[in-house]
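**Q** Below is the file coords-v2.txt, which contains compact mmCIF, C-alpha atoms.
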```
# COMPACT_ATOMS: atom_id res chain seq x y z
CA MET A 67 0.00 0.00 0.00
CA GLN A 68 1.32 3.43 -0.94
CA ARG A 69 1.73 5.91 1.87
CA ALA A 70 0.02 9.29 1.53
CA LEU A 71 2.34 12.21 0.97
CA PRO A 72 2.66 14.62 3.87
CA ALA A 73 0.51 17.68 3.36
CA ALA A 74 3.50 20.03 3.16
CA VAL A 75 5.20 17.95 0.44
CA ALA A 76 1.98 17.67 -1.55
CA ALA A 77 1.53 21.44 -1.39
CA LEU A 78 5.07 22.01 -2.66
CA LEU A 79 4.55 19.62 -5.58
CA LEU A 80 1.26 21.23 -6.54
CA GLY A 81 2.90 24.65 -6.39
CA ALA A 82 5.71 23.51 -8.68
CA VAL A 83 3.26 22.09 -11.20
CA ALA A 84 1.20 25.28 -11.15
CA ALA A 85 4.31 27.43 -11.63
CA GLY A 86 5.38 25.32 -14.59
CA ALA A 87 1.97 25.61 -16.18
CA LEU A 88 1.96 29.37 -15.80
CA SER A 89 5.43 29.77 -17.24
CA GLY A 90 4.44 27.66 -20.24
CA CYS A 91 1.32 29.57 -21.20
CA GLY A 92 3.06 32.79 -21.89
CA GLY A 93 3.70 36.12 -20.35
CA SER A 94 2.32 35.91 -16.79
CA HIS A 95 5.81 36.19 -15.32
CA ARG A 96 6.68 39.46 -17.07
CA SER A 97 7.28 42.46 -14.86
CA PRO A 98 5.31 45.71 -15.20
CA ALA A 99 8.40 47.35 -16.69
CA GLU A 100 8.73 44.60 -19.32
CA LEU A 101 5.05 44.85 -20.23
CA ARG A 102 5.34 48.63 -20.54
CA LEU A 103 8.29 48.25 -22.93
CA GLU A 104 6.41 45.66 -24.99
CA ARG A 105 3.44 48.03 -25.30
CA GLU A 106 5.74 50.86 -26.37
CA ASP A 107 7.33 48.62 -29.00
CA LEU A 108 3.96 47.48 -30.31
CA VAL A 109 2.84 51.10 -30.66
CA ALA A 110 6.07 51.99 -32.48
CA VAL A 111 5.72 49.05 -34.89
CA THR A 112 2.06 49.89 -35.50
CA ARG A 113 2.94 53.51 -36.35
CA ALA A 114 5.62 52.29 -38.77
CA LEU A 115 3.13 49.96 -40.46
CA GLN A 116 0.70 52.86 -40.78
CA ARG A 117 3.39 54.98 -42.48
CA ALA A 118 4.11 52.15 -44.91
CA GLN A 119 0.44 51.46 -45.62
CA ASN A 120 -0.01 53.65 -48.72
CA PRO A 121 3.18 52.52 -50.53
CA VAL A 122 2.26 48.91 -49.74
CA ALA A 123 -1.21 49.47 -51.24
CA VAL A 124 0.36 50.92 -54.39
CA GLU A 125 2.70 47.97 -54.68
CA LEU A 126 -0.11 45.49 -54.06
CA ALA A 127 -2.16 47.05 -56.88
CA ALA A 128 0.84 46.77 -59.23
CA THR A 129 1.41 43.17 -58.18
CA LYS A 130 -2.23 42.24 -58.76
CA ARG A 131 -2.04 43.67 -62.28
CA ALA A 132 1.06 41.63 -63.09
CA TRP A 133 0.25 38.48 -61.14
CA PRO A 134 -2.12 36.84 -63.68
CA LEU A 135 0.61 37.24 -66.30
CA VAL A 136 3.26 35.34 -64.32
CA VAL A 137 1.47 32.99 -61.92
CA GLY A 138 1.79 30.08 -64.35
CA GLY A 139 5.26 31.09 -65.49
CA LEU A 140 6.37 33.73 -67.97
CA PRO A 141 4.45 33.72 -71.28
CA SER A 142 6.04 31.56 -73.95
CA GLY A 143 5.23 33.66 -77.02
CA ALA A 144 7.34 36.69 -77.88
CA SER A 145 4.36 39.06 -78.19
CA ALA A 146 2.76 37.84 -74.95
CA LEU A 147 6.08 38.19 -73.10
CA ALA A 148 6.51 41.72 -74.47
CA ALA A 149 3.02 42.63 -73.27
CA ALA A 150 3.82 41.31 -69.80
CA SER A 151 7.07 43.22 -69.56
CA ALA A 152 5.59 46.62 -68.63
CA PRO A 153 3.39 45.36 -65.72
CA ILE A 154 6.31 43.30 -64.41
CA THR A 155 8.64 46.32 -64.55
CA ALA A 156 6.02 48.46 -62.80
CA ALA A 157 5.63 45.90 -60.01
CA ALA A 158 9.40 45.77 -59.54
CA ALA A 159 9.63 49.55 -59.41
CA SER A 160 6.83 49.93 -56.87
CA ALA A 161 8.31 47.17 -54.70
CA ALA A 162 11.63 49.02 -54.64
CA ARG A 163 9.85 52.12 -53.30
CA ILE A 164 8.34 50.43 -50.22
CA PRO A 165 9.83 52.22 -47.19
CA THR A 166 11.15 50.55 -44.07
CA PRO A 167 10.37 53.08 -41.33
CA PRO A 168 11.97 52.76 -37.88
CA PRO A 169 11.75 50.52 -35.92
CA LEU A 170 11.39 48.13 -38.86
CA THR A 171 14.95 48.82 -40.00
CA GLU A 172 17.58 46.17 -39.33
CA ALA A 173 19.37 48.30 -36.73
CA ARG A 174 16.20 48.82 -34.68
CA PHE A 175 14.43 45.53 -35.38
CA VAL A 176 16.80 43.42 -33.29
CA SER A 177 15.96 45.32 -30.09
CA LEU A 178 12.18 44.98 -30.32
CA THR A 179 10.37 43.08 -27.59
CA GLY A 180 7.04 41.31 -27.24
CA PRO A 181 4.45 41.02 -30.04
CA GLY A 182 5.97 43.94 -31.95
CA SER A 183 9.02 41.86 -32.86
CA PRO A 184 7.29 39.16 -34.97
CA LEU A 185 5.13 41.84 -36.59
CA ALA A 186 8.24 43.68 -37.72
CA GLY A 187 9.72 40.37 -38.86
CA LEU A 188 6.72 39.65 -41.07
CA PHE A 189 6.95 43.07 -42.71
CA ARG A 190 10.70 42.76 -43.28
CA SER A 191 10.19 39.30 -44.80
CA TYR A 192 7.50 40.70 -47.09
CA THR A 193 9.63 43.58 -48.37
CA GLY A 194 12.68 41.38 -48.91
CA LEU A 195 10.85 38.60 -50.74
CA VAL A 196 8.66 40.84 -52.90
CA THR A 197 11.40 43.29 -53.87
CA ARG A 198 13.87 40.53 -54.70
CA GLY A 199 11.24 38.43 -56.45
CA TRP A 200 9.96 41.13 -58.81
CA THR A 201 13.48 42.39 -59.54
CA LEU A 202 14.57 38.91 -60.60
CA ILE A 203 11.38 38.28 -62.60
CA ALA A 204 12.01 41.51 -64.52
CA ALA A 205 15.63 40.51 -65.11
CA ALA A 206 14.52 37.06 -66.32
CA THR A 207 12.13 38.71 -68.78
CA VAL A 208 14.99 40.76 -70.25
CA GLN A 209 17.20 37.67 -70.53
CA ILE A 210 14.49 35.70 -72.34
CA GLU A 211 13.78 38.58 -74.72
CA HIS A 212 17.33 39.73 -75.43
CA GLY A 213 19.81 37.24 -73.95
CA SER A 214 21.61 34.28 -75.46
CA PRO A 215 19.74 30.98 -75.80
CA ALA A 216 21.59 29.63 -72.77
CA SER A 217 20.70 32.70 -70.70
CA ALA A 218 17.08 32.53 -71.80
CA ARG A 219 16.87 28.85 -70.91
CA PHE A 220 18.41 29.47 -67.48
CA ALA A 221 15.97 32.32 -66.85
CA ARG A 222 12.94 30.18 -67.71
CA GLU A 223 14.19 27.28 -65.61
CA ASN A 224 14.57 29.46 -62.52
CA VAL A 225 11.84 32.09 -62.78
CA GLY A 226 9.45 29.90 -60.80
CA LEU A 227 11.57 30.48 -57.71
CA TYR A 228 11.23 34.23 -58.12
CA ILE A 229 7.48 34.01 -58.66
CA GLU A 230 7.14 31.88 -55.53
CA SER A 231 9.14 34.50 -53.65
CA VAL A 232 6.53 37.16 -54.47
CA TYR A 233 3.71 34.84 -53.37
CA ASP A 234 5.49 34.01 -50.11
CA GLY A 235 6.11 37.69 -49.40
CA TYR A 236 2.43 38.50 -49.63
CA PHE A 237 1.57 35.43 -47.58
CA ASP A 238 3.73 36.86 -44.80
CA LEU A 239 2.17 40.31 -45.14
CA ALA A 240 -1.32 38.81 -44.83
CA GLN A 241 -0.45 37.35 -41.41
CA ILE A 242 0.03 40.79 -39.84
CA ASP A 243 -3.70 41.23 -39.23
CA LYS A 244 -4.07 38.24 -36.91
CA ARG A 245 -0.69 38.76 -35.22
CA LEU A 246 -1.48 42.41 -34.49
CA ALA A 247 -4.90 41.63 -33.03
CA ARG A 248 -3.46 38.85 -30.87
CA GLY A 249 -0.59 40.97 -29.58
CA TYR A 250 -2.85 43.91 -28.80
CA HIS A 251 -5.16 41.62 -26.83
CA GLU A 252 -2.28 39.93 -24.97
CA LEU A 253 -0.97 43.30 -23.82
CA GLY A 254 -4.31 44.46 -22.43
CA GLY A 255 -6.13 45.93 -25.42
CA GLN A 256 -7.93 49.26 -25.27
CA ALA A 257 -7.99 49.24 -21.46
CA GLN A 258 -4.19 49.34 -21.27
CA PHE A 259 -3.30 51.33 -24.40
CA GLY A 260 -6.04 53.94 -24.14
CA SER A 261 -5.78 56.65 -26.77
CA THR A 262 -2.16 55.71 -27.51
CA LEU A 263 -3.37 52.84 -29.68
CA THR A 264 -7.09 52.35 -30.04
CA GLN A 265 -9.03 49.26 -31.06
CA ALA A 266 -10.30 51.16 -34.10
CA GLU A 267 -6.73 51.81 -35.24
CA VAL A 268 -5.81 48.16 -34.78
CA ASP A 269 -8.88 47.06 -36.77
CA ALA A 270 -8.20 49.50 -39.60
CA LEU A 271 -4.55 48.54 -39.89
CA GLY A 272 -5.42 44.86 -39.68
CA ALA A 273 -7.81 45.23 -42.61
CA ALA A 274 -5.01 46.71 -44.73
CA TYR A 275 -2.68 43.79 -43.91
CA SER A 276 -5.22 40.97 -43.91
CA GLU A 277 -5.60 37.80 -45.94
CA ALA A 278 -8.67 39.24 -47.62
CA THR A 279 -6.61 42.21 -48.84
CA ALA A 280 -3.09 40.92 -49.33
CA ARG A 281 -3.17 37.25 -50.31
CA LEU A 282 -2.48 36.58 -53.98
CA HIS A 283 -4.80 34.33 -55.98
CA PRO A 284 -4.38 31.91 -57.54
CA HIS A 285 -1.41 30.12 -56.01
CA VAL A 286 1.75 29.72 -58.06
CA GLY A 287 1.13 27.19 -60.84
CA ILE A 288 4.57 26.88 -62.40
CA ARG A 289 6.69 23.76 -62.01
CA PHE A 290 10.25 24.65 -61.06
CA GLY A 291 12.90 23.80 -63.60
CA SER A 292 10.42 23.69 -66.48
```
Starting from the coordinates I provided, produce the structure as structure tokens.
**A**
Amino acid sequence: MQRALPAAVAALLLGAVAAGALSGCGGSHRSPAELRLEREDLVAVTRALQRAQNPVAVELAATKRAWPLVVGGLPSGASALAAASAPITAAAASAARIPTPPPLTEARFVSLTGPGSPLAGLFRSYTGLVTRGWTLIAAATVQIEHGSPASARFARENVGLYIESVYDGYFDLAQIDKRLARGYHELGGQAQFGSTLTQAEVDALGAAYSEATARLHPHVGIRFGS
């Protein structure tokens, strides 16, 4: 027969289990100073995303004009490829003009805390993937139109990677909505932020960076290396 644990030992074990559960479900152990810093960082990231909102919308519009022309790979005919060249170039140019306001810059990004950090990471991933993707798609178009047969073949074989990069960038951008709403809630929502960051602002910004707004359709249809 097993002996019952002394009451004091049982209490200690229950306390340890409870402490472990609390530490595993996120954030209850943070000090008031840490929470204050996380709220400040979330506000700063939100303001940066608001400043970038219009250029992102311009780039998204350019991407949506060019996307149907490249989603299945670059057109095979010379005239169709020439017709696609201008929208592709416009998308690359608008992507290059997307700003990276502080604290989204590399120097500031590394010091962010709390929910603001992954939000900044999603935006930085978006800008890097989309800018690089459209730049390389435009370069591939030039190589196919004007390069040697070997260069044109290489460009066609690899352009699927660049097209996928654009899709992945917008996939990341479309996650900002849910991440922002979750972080705002975790840090106390309207009751804690007050007029510094209102629920209405969070909702409006989330709509601009949501799946409904930013996801590209259809998904990439090209087979890599073909």
**Q** Which one is closest to Val232 in chain A: A:Ala280, A:Leu178, A:Leu195, A:Ile164? Count all atoms listed in the file.
**A** A:Leu195
**Q** Could you list as a VMD selection string every residue that has an atom within 9 Å of (17.1, 45.5, -56.9), using the file's coordinates and counting all atoms listed in the file?
**A** chain A and resid 158 to 159 162 197 to 198 200 to 202
**Q** How would the residues just picked look written out with C-alpha atoms as a short mmCIF file (atom, residue, chain, number, x, y, z; two decimals), in the frame of the given file?
**A**
```cif
data_model
loop_
_atom_site.label_atom_id
_atom_site.label_comp_id
_atom_site.auth_asym_id
_atom_site.auth_seq_id
_atom_site.Cartn_x
_atom_site.Cartn_y
_atom_site.Cartn_z
CA ALA A 158 9.40 45.77 -59.54
CA ALA A 159 9.63 49.55 -59.41
CA ALA A 162 11.63 49.02 -54.64
CA THR A 197 11.40 43.29 -53.87
CA ARG A 198 13.87 40.53 -54.70
CA TRP A 200 9.96 41.13 -58.81
CA THR A 201 13.48 42.39 -59.54
CA LEU A 202 14.57 38.91 -60.60
#
```
**Q** Measuring between only C-alpha atoms, which one of A:Leu115, A:Ala146, A:Ala157, A:Ala205 shows the shortest distance to Ala186 in chain A?
**A**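 Result for the nearest residue to Ala186 in chain A: A:Leu115.
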**Q** In Å, rounded to a single decimal, give me how far CA of Arg248 in chain A is from CA of Val196 in chain A.
**A** 25.2 Å
**Q** May I have the protein, DNA and RNA residues with an atom at most 12 Å from (17.2, 33.0, -69.7), counting only C-alpha atoms in the file's coordinates, returned as a list in words?
**A**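 The residues that fall inside the cut-off are Leu140, Leu202, Ile203, Ala204, Ala205, Ala206, Thr207, Val208, Gln209, Ile210, Glu211, His212, Gly213, Ser214, Pro215, Ala216, Ser217, Ala218, Arg219, Phe220, Ala221, Arg222, Glu223, Asn224, Val225, Gly291 and Ser292 of chain A.
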**Q** So how far away is CA of Glu104 in chain A from CA of Thr193 in chain A, in Å?
**A**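 Between these atoms lies a distance of 23.7 Å.
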**Q** If we count all atoms listed in the file, what is near Val136 in chain A at a cut-off of 12 Å, once residues fewer than 4 positions away on the same chain are taken out, given as a ChimeraX atom specification?
**A** /A:129-132,140-142,146-147,149-151,153-154,157,199-200,203-204,206-207,222,225-230,232-233,282-288
**Q** Complete range 176-197 of chain A with N, CA, C and O atoms (output as a PDB file, keeping the file's coordinate frame).
**A**
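Written out: selection-v4.pdb:
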```pdb
ATOM      1  N   VAL A 176      16.240  44.421 -34.195  1.00  0.00           N
ATOM      2  CA  VAL A 176      16.800  43.420 -33.290  1.00  0.00           C
ATOM      3  C   VAL A 176      16.524  43.716 -31.820  1.00  0.00           C
ATOM      4  O   VAL A 176      16.609  42.824 -30.974  1.00  0.00           O
ATOM      5  N   SER A 177      16.193  44.959 -31.494  1.00  0.00           N
ATOM      6  CA  SER A 177      15.960  45.320 -30.090  1.00  0.00           C
ATOM      7  C   SER A 177      14.491  45.307 -29.696  1.00  0.00           C
ATOM      8  O   SER A 177      14.157  45.581 -28.548  1.00  0.00           O
ATOM      9  N   LEU A 178      13.601  44.984 -30.640  1.00  0.00           N
ATOM     10  CA  LEU A 178      12.180  44.980 -30.320  1.00  0.00           C
ATOM     11  C   LEU A 178      11.820  43.842 -29.383  1.00  0.00           C
ATOM     12  O   LEU A 178      12.407  42.762 -29.442  1.00  0.00           O
ATOM     13  N   THR A 179      10.814  44.090 -28.549  1.00  0.00           N
ATOM     14  CA  THR A 179      10.370  43.080 -27.590  1.00  0.00           C
ATOM     15  C   THR A 179       8.897  42.778 -27.800  1.00  0.00           C
ATOM     16  O   THR A 179       8.164  43.556 -28.419  1.00  0.00           O
ATOM     17  N   GLY A 180       8.451  41.639 -27.254  1.00  0.00           N
ATOM     18  CA  GLY A 180       7.040  41.310 -27.240  1.00  0.00           C
ATOM     19  C   GLY A 180       6.445  41.112 -28.624  1.00  0.00           C
ATOM     20  O   GLY A 180       7.160  40.827 -29.599  1.00  0.00           O
ATOM     21  N   PRO A 181       5.133  41.280 -28.767  1.00  0.00           N
ATOM     22  CA  PRO A 181       4.450  41.020 -30.040  1.00  0.00           C
ATOM     23  C   PRO A 181       4.898  41.920 -31.186  1.00  0.00           C
ATOM     24  O   PRO A 181       4.695  41.577 -32.350  1.00  0.00           O
ATOM     25  N   GLY A 182       5.498  43.066 -30.881  1.00  0.00           N
ATOM     26  CA  GLY A 182       5.970  43.940 -31.950  1.00  0.00           C
ATOM     27  C   GLY A 182       7.085  43.316 -32.769  1.00  0.00           C
ATOM     28  O   GLY A 182       7.216  43.602 -33.968  1.00  0.00           O
ATOM     29  N   SER A 183       7.888  42.445 -32.156  1.00  0.00           N
ATOM     30  CA  SER A 183       9.020  41.860 -32.860  1.00  0.00           C
ATOM     31  C   SER A 183       8.599  40.957 -34.015  1.00  0.00           C
ATOM     32  O   SER A 183       9.077  41.140 -35.148  1.00  0.00           O
ATOM     33  N   PRO A 184       7.707  39.964 -33.814  1.00  0.00           N
ATOM     34  CA  PRO A 184       7.290  39.160 -34.970  1.00  0.00           C
ATOM     35  C   PRO A 184       6.527  39.946 -36.019  1.00  0.00           C
ATOM     36  O   PRO A 184       6.597  39.623 -37.212  1.00  0.00           O
ATOM     37  N   LEU A 185       5.805  40.996 -35.609  1.00  0.00           N
ATOM     38  CA  LEU A 185       5.130  41.840 -36.590  1.00  0.00           C
ATOM     39  C   LEU A 185       6.141  42.505 -37.521  1.00  0.00           C
ATOM     40  O   LEU A 185       5.988  42.518 -38.746  1.00  0.00           O
ATOM     41  N   ALA A 186       7.184  43.061 -36.924  1.00  0.00           N
ATOM     42  CA  ALA A 186       8.240  43.680 -37.720  1.00  0.00           C
ATOM     43  C   ALA A 186       8.924  42.648 -38.610  1.00  0.00           C
ATOM     44  O   ALA A 186       9.259  42.930 -39.764  1.00  0.00           O
ATOM     45  N   GLY A 187       9.108  41.437 -38.079  1.00  0.00           N
ATOM     46  CA  GLY A 187       9.720  40.370 -38.860  1.00  0.00           C
ATOM     47  C   GLY A 187       8.903  40.000 -40.081  1.00  0.00           C
ATOM     48  O   GLY A 187       9.452  39.773 -41.166  1.00  0.00           O
ATOM     49  N   LEU A 188       7.582  39.949 -39.936  1.00  0.00           N
ATOM     50  CA  LEU A 188       6.720  39.650 -41.070  1.00  0.00           C
ATOM     51  C   LEU A 188       6.830  40.726 -42.151  1.00  0.00           C
ATOM     52  O   LEU A 188       6.894  40.421 -43.348  1.00  0.00           O
ATOM     53  N   PHE A 189       6.853  41.991 -41.728  1.00  0.00           N
ATOM     54  CA  PHE A 189       6.950  43.070 -42.710  1.00  0.00           C
ATOM     55  C   PHE A 189       8.300  43.040 -43.416  1.00  0.00           C
ATOM     56  O   PHE A 189       8.375  43.224 -44.639  1.00  0.00           O
ATOM     57  N   ARG A 190       9.368  42.808 -42.678  1.00  0.00           N
ATOM     58  CA  ARG A 190      10.700  42.760 -43.280  1.00  0.00           C
ATOM     59  C   ARG A 190      10.803  41.588 -44.250  1.00  0.00           C
ATOM     60  O   ARG A 190      11.412  41.696 -45.317  1.00  0.00           O
ATOM     61  N   SER A 191      10.195  40.453 -43.897  1.00  0.00           N
ATOM     62  CA  SER A 191      10.190  39.300 -44.800  1.00  0.00           C
ATOM     63  C   SER A 191       9.435  39.638 -46.076  1.00  0.00           C
ATOM     64  O   SER A 191       9.895  39.326 -47.190  1.00  0.00           O
ATOM     65  N   TYR A 192       8.295  40.285 -45.920  1.00  0.00           N
ATOM     66  CA  TYR A 192       7.500  40.700 -47.090  1.00  0.00           C
ATOM     67  C   TYR A 192       8.313  41.594 -48.016  1.00  0.00           C
ATOM     68  O   TYR A 192       8.387  41.335 -49.236  1.00  0.00           O
ATOM     69  N   THR A 193       8.915  42.652 -47.500  1.00  0.00           N
ATOM     70  CA  THR A 193       9.630  43.580 -48.370  1.00  0.00           C
ATOM     71  C   THR A 193      10.811  42.898 -49.058  1.00  0.00           C
ATOM     72  O   THR A 193      11.048  43.115 -50.255  1.00  0.00           O
ATOM     73  N   GLY A 194      11.535  42.060 -48.312  1.00  0.00           N
ATOM     74  CA  GLY A 194      12.680  41.380 -48.910  1.00  0.00           C
ATOM     75  C   GLY A 194      12.275  40.423 -50.016  1.00  0.00           C
ATOM     76  O   GLY A 194      12.852  40.439 -51.117  1.00  0.00           O
ATOM     77  N   LEU A 195      11.267  39.600 -49.757  1.00  0.00           N
ATOM     78  CA  LEU A 195      10.850  38.600 -50.740  1.00  0.00           C
ATOM     79  C   LEU A 195      10.230  39.238 -51.975  1.00  0.00           C
ATOM     80  O   LEU A 195      10.524  38.841 -53.109  1.00  0.00           O
ATOM     81  N   VAL A 196       9.364  40.234 -51.769  1.00  0.00           N
ATOM     82  CA  VAL A 196       8.660  40.840 -52.900  1.00  0.00           C
ATOM     83  C   VAL A 196       9.621  41.678 -53.755  1.00  0.00           C
ATOM     84  O   VAL A 196       9.596  41.595 -54.990  1.00  0.00           O
ATOM     85  N   THR A 197      10.456  42.461 -53.111  1.00  0.00           N
ATOM     86  CA  THR A 197      11.400  43.290 -53.870  1.00  0.00           C
ATOM     87  C   THR A 197      12.359  42.410 -54.665  1.00  0.00           C
ATOM     88  O   THR A 197      12.582  42.638 -55.873  1.00  0.00           O
TER      89      THR A 197
END
```
